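Here the structure is laid out as structure tokens; the discussion comes afterwards.
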Amino acid sequence: MRILIAPDKFKGSLTAGDAAAAIRAGFDSVFSGAEFDLVPVADGGEGTAEIFRQALGGEHVEIASHDALGREITASYSLIPGEIAVIDMSSASGLWRISDDQRDPLRSSTFGTGELVADAIARGAKDLIIGLGGSATNDGGAGMAAALGWKFLDEKGEPIPSRPSEFLRFHRIVTPEARAFRSVTGLCDVKNPLLGELGATKVFGPQKGATPEMQVTLERSLEHLAHLFADQFGIDHANSPGAGAAGGLGFGLLAFCGGSLEPGFQAVSRLMDLENKVRLADLVLTGEGRLDAQSLQGKAPYEIGRLAASHGKPVIGFAGLVDEEFPELDACVPIANGPLTLDESRQRAAELLRSAAERTARLLKIKL
């Protein structure tokens, strides 16, 4: 029996690799003779850079940077052979760095992500892959652009800080002197445009601390940024699918980097030769921290379920919380074995996942 184990991270608890190891431990205790193929995956969110580095080799780079609120931090990315850098924007500009009472998307910036990009370019990277997920920002990528040398000026030609609270003062955008990279690809698991009811502010702003009043200002600010860019450079990226990803960083990569956007899972799937591994498997096991309606937007377990179904392979998904059942998964298994607080479930995530995998394996063995 060949079992493919391909989970995403359990956010705040387990990396994708840790999750794969826990699932294997549970199944191995029941199907000790099985052949296991562990393939930790990502969909462009947190952990993507590490997935690429593990698959392709390379260097884990740590540098001094700034979080979304401008505080000094240490952030990291992966430098891959072949002049490639893979950067999780969440490493510097992630929501995980900001406590609930400090979240303020009007002041938050992707400048730290731009610092990672600039450092990678300085080390010789020509092709940049940026995972768009887990952001604390809603700045349309203006902060990243500022770190790469773009300038935003007022009517008097004075530079303006690249924070959304200042966007309405932008009068002119000045490009950097030179472009020192070959390509930029943003990996995202959403198709939201920058503006409107399905845009960055309305859909994702609340989880970043945006009150209804704040959302009005943020929307006007992003609209001003997008229209100013379109007027100056003749290209309107506001309605491009994925432009609203990571608080509009998708838009920023298109506009300020001349980049492209790609579904994150597709890129990781190609990298890992995942379709062939699914084809060879007898059973596919996947999972992430939460299976809910957002999982339908291209997140890894949903896409793995679709891939497995296309090859007629049974697939089981594990999650800390199951809000919704999916026809793409033959079964969704919540890992909690009793009433638990969120902190308890996070602290015991590996133990709970291993136990849930073992229970599931025993049920499968009875059937087999």
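Residues are named by chain letter and number: chains run A, B, ... in the order of the structure tokens, numbers start at 1 in each chain, and ligands are numbered from 1 in the order shown.
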task: Write out as a ChimeraX atom specification the residues lying within 12 Å of region 353-360 of chain A, counting only C-alpha atoms and excluding same-chain residues fewer than 4 positions away.
output: /A:5,7,9-10,13-14,18-32,285-289,315-321,331-338,345-349,364-367
- request: Would you kindly return, as a PyMOL selection string, each protein, DNA or RNA residue with an atom no farther than 12 Å from any atom of region 96-100 of chain A, considering only C-alpha atoms and excluding same-chain residues fewer than 6 positions away?
  value: chain A and resi 11-13+46+66-75+89-90+108+133-137+206-210
If we count only C-alpha atoms and set the cut-off at 7 Å, which residues sit around region 145-150 of chain A, ignoring sequence neighbours fewer than 6 positions away in its own chain? Please answer as an mmCIF file with C-alpha atoms, in the first residue's frame.
data_model
loop_
_atom_site.group_PDB
_atom_site.id
_atom_site.type_symbol
_atom_site.label_atom_id
_atom_site.label_comp_id
_atom_site.auth_asym_id
_atom_site.auth_seq_id
_atom_site.Cartn_x
_atom_site.Cartn_y
_atom_site.Cartn_z
ATOM 1 C CA PHE A 111 8.208 48.004 3.376
ATOM 2 C CA GLY A 114 10.557 45.149 -0.010
ATOM 3 C CA GLU A 115 13.666 44.977 2.164
ATOM 4 C CA ALA A 118 16.111 44.241 -2.183
ATOM 5 C CA SER A 162 4.105 54.936 1.782
ATOM 6 C CA VAL A 174 8.603 58.396 -9.536
ATOM 7 C CA THR A 175 10.200 55.197 -10.811
ATOM 8 C CA PRO A 176 13.575 53.847 -9.625
ATOM 9 C CA PHE A 256 5.689 48.267 -9.506
#
message: Which residue is closest to Ile160 (chain A)? Choose from A:Ile173, A:Val203, A:Leu198, A:Leu253 and count only C-alpha atoms.
response: A:Ile173
